[in-house]
Amino acid sequence: MIEFGHGTHVGLRRTRNEDTYYADPDLGLFLVADGMGGHQHGEVAAALARDAVVEQIRRGQPLHDAVRLAAEQLEQHAYRRRDTLPMGTTLAALHLHDEAYDVAWVGDSRIYRLAGEFQLISHDHSLVQELVNTGRLDPELAARHPQRNVLTQALGITAAGQLHIGVAGGQQRPGHAFLLCTDGLTDGLDTTSLADLVQRSDLAAQECVDHLLLAGLDAGGNDNLTAILIRLR
């Protein structure tokens, strides 16, 4: 049994919401995407990637392959338009199937898992994360680094043949939960703040998401915010 909550908000500084998401417990698919490019290009890129992944999962493709095919379709779309403006999106997805789960991500939208403890199971495809990985930046300073939003991978911008899709997976367990969210939420809330809300058993999943979005707005709301919380019963 799956309980889930979902929501998105334009934030307090933007006039357009370039985030999108998908939540379908029957298909076992949940995803968030954060478009980039401006002039509606981000909205289009996120929506195209979302729809492509949904279509491929419905056809029985594994999640990793679905994301790669979505990248190829987005690249082809951008090429046909011959537009000089960039058109890309991040993506973070969860697929529940056959008592197992798979996650895949590109960019800095994130996937957290609650399984006894709350932990980040994706890793950002970003310049700052690369600096941390190579020991050139203290992890404690990463959240405040001025280039923290510079991506090294994104659907539609990174060539599909060079795209690195992050993947992980495991067995489903009753009591486990997953949080998928865009960077508009994690820029304002640290892991402890997220965990405090996600672990509130007195709140339904939808109430938790509502509180997460409100907390993100209280923290500044500098970007679009999107979150999906999935609880396994």
# chains A, B, ... in the order shown; residues from 1 in each chain; ligands from 1
>>> select_by_dssp(residues="range 94-207 of chain A", states="strand (DSSP E)", output="count of residues only")
32
>>> residues_around(residues="Ile230 in chain A", least_positions_apart="2", cutoff="9 Å", atoms="only C-alpha atoms", output="ChimeraX atom specification")
/A:2-6,30,176-180,205,228,232
>>> write_last_selection(atoms="all heavy atoms", output="mmCIF file, in the first residue's frame")
data_model
loop_
_atom_site.group_PDB
_atom_site.id
_atom_site.type_symbol
_atom_site.label_atom_id
_atom_site.label_comp_id
_atom_site.auth_asym_id
_atom_site.auth_seq_id
_atom_site.Cartn_x
_atom_site.Cartn_y
_atom_site.Cartn_z
ATOM 1 N N ILE A 2 0.493 2.224 -0.790
ATOM 2 C CA ILE A 2 1.274 3.449 -0.930
ATOM 3 C C ILE A 2 0.426 4.642 -0.510
ATOM 4 O O ILE A 2 -0.706 4.809 -0.954
ATOM 5 C CB ILE A 2 1.726 3.652 -2.391
ATOM 6 C CG1 ILE A 2 2.596 2.486 -2.858
ATOM 7 C CG2 ILE A 2 2.477 4.974 -2.533
ATOM 8 C CD1 ILE A 2 2.903 2.522 -4.340
ATOM 9 N N GLU A 3 0.987 5.460 0.371
ATOM 10 C CA GLU A 3 0.397 6.754 0.701
ATOM 11 C C GLU A 3 1.352 7.819 0.167
ATOM 12 O O GLU A 3 2.566 7.701 0.339
ATOM 13 C CB GLU A 3 0.245 6.916 2.212
ATOM 14 C CG GLU A 3 -0.365 8.265 2.598
ATOM 15 C CD GLU A 3 -0.089 8.669 4.040
ATOM 16 O OE1 GLU A 3 0.627 7.921 4.739
ATOM 17 O OE2 GLU A 3 -0.561 9.739 4.431
ATOM 18 N N PHE A 4 0.821 8.840 -0.469
ATOM 19 C CA PHE A 4 1.718 9.863 -0.992
ATOM 20 C C PHE A 4 1.059 11.234 -0.937
ATOM 21 O O PHE A 4 -0.162 11.369 -0.907
ATOM 22 C CB PHE A 4 2.155 9.534 -2.426
ATOM 23 C CG PHE A 4 1.067 9.643 -3.458
ATOM 24 C CD1 PHE A 4 0.944 10.780 -4.249
ATOM 25 C CD2 PHE A 4 0.165 8.604 -3.656
ATOM 26 C CE1 PHE A 4 -0.045 10.886 -5.207
ATOM 27 C CE2 PHE A 4 -0.830 8.702 -4.616
ATOM 28 C CZ PHE A 4 -0.936 9.844 -5.395
ATOM 29 N N GLY A 5 1.916 12.241 -0.895
ATOM 30 C CA GLY A 5 1.494 13.626 -0.972
ATOM 31 C C GLY A 5 2.355 14.332 -2.001
ATOM 32 O O GLY A 5 3.492 13.912 -2.267
ATOM 33 N N HIS A 6 1.844 15.386 -2.588
ATOM 34 C CA HIS A 6 2.589 16.060 -3.654
ATOM 35 C C HIS A 6 2.184 17.522 -3.729
ATOM 36 O O HIS A 6 1.077 17.905 -3.319
ATOM 37 C CB HIS A 6 2.307 15.385 -4.999
ATOM 38 C CG HIS A 6 0.836 15.268 -5.311
ATOM 39 N ND1 HIS A 6 0.127 16.249 -5.973
ATOM 40 C CD2 HIS A 6 -0.049 14.285 -5.020
ATOM 41 C CE1 HIS A 6 -1.133 15.879 -6.093
ATOM 42 N NE2 HIS A 6 -1.279 14.692 -5.515
ATOM 43 N N PHE A 30 6.984 7.970 -9.686
ATOM 44 C CA PHE A 30 6.944 9.301 -9.087
ATOM 45 C C PHE A 30 8.194 10.043 -9.575
ATOM 46 O O PHE A 30 9.287 9.483 -9.571
ATOM 47 C CB PHE A 30 6.950 9.219 -7.560
ATOM 48 C CG PHE A 30 5.838 8.368 -6.998
ATOM 49 C CD1 PHE A 30 5.983 6.987 -6.890
ATOM 50 C CD2 PHE A 30 4.643 8.944 -6.594
ATOM 51 C CE1 PHE A 30 4.955 6.201 -6.390
ATOM 52 C CE2 PHE A 30 3.612 8.174 -6.098
ATOM 53 C CZ PHE A 30 3.761 6.799 -5.982
ATOM 54 N N HIS A 176 9.110 2.270 5.058
ATOM 55 C CA HIS A 176 10.056 3.111 4.339
ATOM 56 C C HIS A 176 9.312 4.272 3.680
ATOM 57 O O HIS A 176 8.119 4.191 3.394
ATOM 58 C CB HIS A 176 10.791 2.312 3.263
ATOM 59 C CG HIS A 176 11.809 1.366 3.799
ATOM 60 N ND1 HIS A 176 12.692 0.677 2.999
ATOM 61 C CD2 HIS A 176 12.104 0.996 5.071
ATOM 62 C CE1 HIS A 176 13.481 -0.072 3.742
ATOM 63 N NE2 HIS A 176 13.130 0.099 5.009
ATOM 64 N N ALA A 177 10.037 5.331 3.434
ATOM 65 C CA ALA A 177 9.455 6.501 2.768
ATOM 66 C C ALA A 177 10.518 7.127 1.870
ATOM 67 O O ALA A 177 11.726 6.975 2.102
ATOM 68 C CB ALA A 177 8.957 7.516 3.788
ATOM 69 N N PHE A 178 10.054 7.828 0.839
ATOM 70 C CA PHE A 178 10.938 8.515 -0.093
ATOM 71 C C PHE A 178 10.452 9.948 -0.274
ATOM 72 O O PHE A 178 9.250 10.193 -0.363
ATOM 73 C CB PHE A 178 10.944 7.819 -1.456
ATOM 74 C CG PHE A 178 11.482 6.425 -1.445
ATOM 75 C CD1 PHE A 178 10.646 5.349 -1.186
ATOM 76 C CD2 PHE A 178 12.828 6.180 -1.687
ATOM 77 C CE1 PHE A 178 11.131 4.052 -1.179
ATOM 78 C CE2 PHE A 178 13.324 4.887 -1.675
ATOM 79 C CZ PHE A 178 12.471 3.817 -1.418
ATOM 80 N N LEU A 179 11.398 10.867 -0.315
ATOM 81 C CA LEU A 179 11.104 12.269 -0.614
ATOM 82 C C LEU A 179 11.844 12.646 -1.888
ATOM 83 O O LEU A 179 13.061 12.518 -1.962
ATOM 84 C CB LEU A 179 11.552 13.173 0.534
ATOM 85 C CG LEU A 179 11.430 14.683 0.270
ATOM 86 C CD1 LEU A 179 9.967 15.101 0.147
ATOM 87 C CD2 LEU A 179 12.124 15.492 1.374
ATOM 88 N N LEU A 180 11.098 13.099 -2.886
ATOM 89 C CA LEU A 180 11.663 13.634 -4.113
ATOM 90 C C LEU A 180 11.401 15.135 -4.117
ATOM 91 O O LEU A 180 10.276 15.566 -3.840
ATOM 92 C CB LEU A 180 10.994 13.011 -5.344
ATOM 93 C CG LEU A 180 11.409 11.605 -5.796
ATOM 94 C CD1 LEU A 180 11.181 10.577 -4.705
ATOM 95 C CD2 LEU A 180 10.629 11.207 -7.052
ATOM 96 N N ALA A 205 0.766 12.117 4.617
ATOM 97 C CA ALA A 205 1.807 12.463 3.653
ATOM 98 C C ALA A 205 1.534 13.810 2.991
ATOM 99 O O ALA A 205 2.451 14.618 2.804
ATOM 100 C CB ALA A 205 1.925 11.357 2.603
ATOM 101 N N ILE A 228 7.446 15.524 -3.528
ATOM 102 C CA ILE A 228 6.555 14.371 -3.441
ATOM 103 C C ILE A 228 7.071 13.501 -2.294
ATOM 104 O O ILE A 228 8.267 13.195 -2.220
ATOM 105 C CB ILE A 228 6.552 13.523 -4.716
ATOM 106 C CG1 ILE A 228 6.273 14.357 -5.963
ATOM 107 C CG2 ILE A 228 5.503 12.397 -4.602
ATOM 108 C CD1 ILE A 228 6.385 13.565 -7.264
ATOM 109 N N LEU A 232 5.507 3.821 2.223
ATOM 110 C CA LEU A 232 5.139 2.422 1.973
ATOM 111 C C LEU A 232 4.539 1.828 3.235
ATOM 112 O O LEU A 232 5.146 1.898 4.309
ATOM 113 C CB LEU A 232 6.376 1.630 1.549
ATOM 114 C CG LEU A 232 7.160 2.196 0.361
ATOM 115 C CD1 LEU A 232 8.314 1.282 0.008
ATOM 116 C CD2 LEU A 232 6.265 2.425 -0.831
#
>>> select_by_dssp(residues="range 52-198 of chain A", states="helix (DSSP H, G or I)", output="ChimeraX atom specification")
/A:52-58,63-81,127-133,139-142,160-162,183-186,191-198
>>> write_last_selection(atoms="N, CA and C atoms", output="short mmCIF file (atom, residue, chain, number, x, y, z; two decimals), in the first residue's frame")
data_model
loop_
_atom_site.label_atom_id
_atom_site.label_comp_id
_atom_site.auth_asym_id
_atom_site.auth_seq_id
_atom_site.Cartn_x
_atom_site.Cartn_y
_atom_site.Cartn_z
N ALA A 52 7.97 11.78 -21.46
CA ALA A 52 8.75 10.73 -22.10
C ALA A 52 9.05 9.59 -21.12
N VAL A 53 9.40 9.93 -19.89
CA VAL A 53 9.68 8.88 -18.89
C VAL A 53 8.40 8.10 -18.60
N VAL A 54 7.29 8.78 -18.43
CA VAL A 54 6.02 8.10 -18.16
C VAL A 54 5.69 7.13 -19.30
N GLU A 55 5.84 7.59 -20.53
CA GLU A 55 5.53 6.74 -21.68
C GLU A 55 6.41 5.49 -21.70
N GLN A 56 7.70 5.66 -21.43
CA GLN A 56 8.61 4.51 -21.49
C GLN A 56 8.35 3.52 -20.35
N ILE A 57 8.04 4.01 -19.17
CA ILE A 57 7.72 3.10 -18.06
C ILE A 57 6.45 2.32 -18.38
N ARG A 58 5.46 2.98 -18.97
CA ARG A 58 4.24 2.28 -19.38
C ARG A 58 4.52 1.19 -20.40
N LEU A 63 13.77 1.97 -15.48
CA LEU A 63 13.82 3.41 -15.23
C LEU A 63 15.04 4.06 -15.86
N HIS A 64 16.20 3.45 -15.73
CA HIS A 64 17.42 4.03 -16.30
C HIS A 64 17.26 4.23 -17.81
N ASP A 65 16.73 3.24 -18.50
CA ASP A 65 16.55 3.33 -19.94
C ASP A 65 15.50 4.39 -20.29
N ALA A 66 14.46 4.48 -19.46
CA ALA A 66 13.42 5.48 -19.70
C ALA A 66 13.99 6.89 -19.63
N VAL A 67 14.87 7.14 -18.67
CA VAL A 67 15.48 8.46 -18.53
C VAL A 67 16.41 8.74 -19.71
N ARG A 68 17.18 7.75 -20.13
CA ARG A 68 18.08 7.97 -21.27
C ARG A 68 17.28 8.24 -22.55
N LEU A 69 16.21 7.52 -22.76
CA LEU A 69 15.38 7.77 -23.94
C LEU A 69 14.74 9.15 -23.87
N ALA A 70 14.36 9.58 -22.67
CA ALA A 70 13.81 10.93 -22.50
C ALA A 70 14.85 11.97 -22.88
N ALA A 71 16.11 11.74 -22.49
CA ALA A 71 17.19 12.67 -22.84
C ALA A 71 17.37 12.75 -24.35
N GLU A 72 17.29 11.62 -25.02
CA GLU A 72 17.44 11.61 -26.47
C GLU A 72 16.29 12.35 -27.15
N GLN A 73 15.07 12.15 -26.66
CA GLN A 73 13.92 12.85 -27.24
C GLN A 73 14.02 14.36 -27.03
N LEU A 74 14.47 14.76 -25.86
CA LEU A 74 14.60 16.18 -25.57
C LEU A 74 15.69 16.81 -26.45
N GLU A 75 16.78 16.09 -26.63
CA GLU A 75 17.87 16.58 -27.48
C GLU A 75 17.37 16.74 -28.92
N GLN A 76 16.61 15.78 -29.40
CA GLN A 76 16.07 15.84 -30.76
C GLN A 76 15.10 17.01 -30.91
N HIS A 77 14.28 17.22 -29.88
CA HIS A 77 13.33 18.33 -29.92
C HIS A 77 14.06 19.67 -30.01
N ALA A 78 15.08 19.82 -29.20
CA ALA A 78 15.85 21.07 -29.21
C ALA A 78 16.54 21.27 -30.56
N TYR A 79 17.05 20.19 -31.15
CA TYR A 79 17.73 20.30 -32.44
C TYR A 79 16.76 20.73 -33.54
N ARG A 80 15.55 20.17 -33.53
CA ARG A 80 14.56 20.53 -34.54
C ARG A 80 14.15 22.00 -34.45
N ARG A 81 14.16 22.53 -33.23
CA ARG A 81 13.78 23.93 -33.06
C ARG A 81 14.88 24.89 -33.49
N LEU A 127 28.70 21.54 -9.93
CA LEU A 127 30.09 21.94 -9.77
C LEU A 127 30.52 21.85 -8.31
N VAL A 128 29.67 22.30 -7.41
CA VAL A 128 30.00 22.28 -5.99
C VAL A 128 30.20 20.85 -5.50
N GLN A 129 29.33 19.93 -5.93
CA GLN A 129 29.49 18.53 -5.50
C GLN A 129 30.80 17.95 -6.02
N GLU A 130 31.19 18.33 -7.23
CA GLU A 130 32.48 17.86 -7.74
C GLU A 130 33.64 18.40 -6.91
N LEU A 131 33.53 19.66 -6.48
CA LEU A 131 34.58 20.24 -5.63
C LEU A 131 34.65 19.51 -4.29
N VAL A 132 33.50 19.14 -3.75
CA VAL A 132 33.46 18.38 -2.50
C VAL A 132 34.08 17.00 -2.71
N ASN A 133 33.69 16.34 -3.79
CA ASN A 133 34.17 14.98 -4.06
C ASN A 133 35.68 14.92 -4.23
N PRO A 139 32.51 20.21 2.81
CA PRO A 139 31.08 19.96 2.67
C PRO A 139 30.23 20.95 3.45
N GLU A 140 30.75 21.45 4.58
CA GLU A 140 29.99 22.39 5.39
C GLU A 140 29.78 23.72 4.67
N LEU A 141 30.63 24.02 3.70
CA LEU A 141 30.52 25.29 2.97
C LEU A 141 29.73 25.16 1.67
N ALA A 142 29.41 23.93 1.29
CA ALA A 142 28.79 23.70 -0.01
C ALA A 142 27.45 24.40 -0.15
N ALA A 160 23.16 13.41 -24.98
CA ALA A 160 22.61 12.16 -24.48
C ALA A 160 23.68 11.06 -24.40
N GLY A 161 24.62 11.07 -25.35
CA GLY A 161 25.67 10.06 -25.34
C GLY A 161 26.68 10.24 -24.22
N GLN A 162 26.74 11.43 -23.63
CA GLN A 162 27.68 11.71 -22.55
C GLN A 162 26.99 11.85 -21.19
N ASP A 183 15.53 21.69 -6.19
CA ASP A 183 16.49 22.43 -5.37
C ASP A 183 15.90 23.68 -4.73
N GLY A 184 14.73 24.11 -5.19
CA GLY A 184 14.08 25.23 -4.52
C GLY A 184 13.75 24.92 -3.08
N LEU A 185 13.52 23.64 -2.79
CA LEU A 185 13.26 23.24 -1.40
C LEU A 185 14.55 23.06 -0.63
N THR A 186 15.53 22.38 -1.22
CA THR A 186 16.75 22.06 -0.48
C THR A 186 17.70 23.25 -0.36
N THR A 191 19.11 19.03 5.71
CA THR A 191 18.64 17.66 5.87
C THR A 191 17.90 17.46 7.18
N THR A 192 18.36 18.09 8.24
CA THR A 192 17.70 17.96 9.54
C THR A 192 16.28 18.52 9.50
N SER A 193 16.12 19.67 8.87
CA SER A 193 14.80 20.28 8.76
C SER A 193 13.86 19.41 7.94
N LEU A 194 14.35 18.87 6.84
CA LEU A 194 13.54 17.97 6.03
C LEU A 194 13.14 16.73 6.82
N ALA A 195 14.11 16.14 7.51
CA ALA A 195 13.84 14.92 8.28
C ALA A 195 12.80 15.16 9.36
N ASP A 196 12.89 16.28 10.05
CA ASP A 196 11.94 16.58 11.13
C ASP A 196 10.51 16.55 10.63
N LEU A 197 10.28 17.04 9.41
CA LEU A 197 8.92 17.06 8.86
C LEU A 197 8.53 15.71 8.28
N VAL A 198 9.42 15.08 7.54
CA VAL A 198 9.09 13.80 6.90
C VAL A 198 8.79 12.72 7.93
#
>>> residues_around(residues="range 214-224 of chain A", least_positions_apart="4", cutoff="6 Å", atoms="only C-alpha atoms", output="list in words")
His9, Val10, Gly11, Leu12, Arg13, Asn17, Gly184, Leu185 and Gly188 of chain A
>>> closest_residue(among="A:Gln119, A:Gln199, A:Gln206, A:Thr90", to="Val150 in chain A", atoms="only C-alpha atoms")
A:Thr90
>>> residues_around(residues="Gln172 in chain A", least_positions_apart="6", cutoff="8 Å", atoms="only C-alpha atoms", output="count of residues only")
5
>>> residues_around(residues="Thr152 in chain A", least_positions_apart="3", cutoff="9 Å", atoms="only C-alpha atoms", output="list in words")
Gly107, Asp124, His125, Ser126, Leu127, Glu130 and Thr158 of chain A
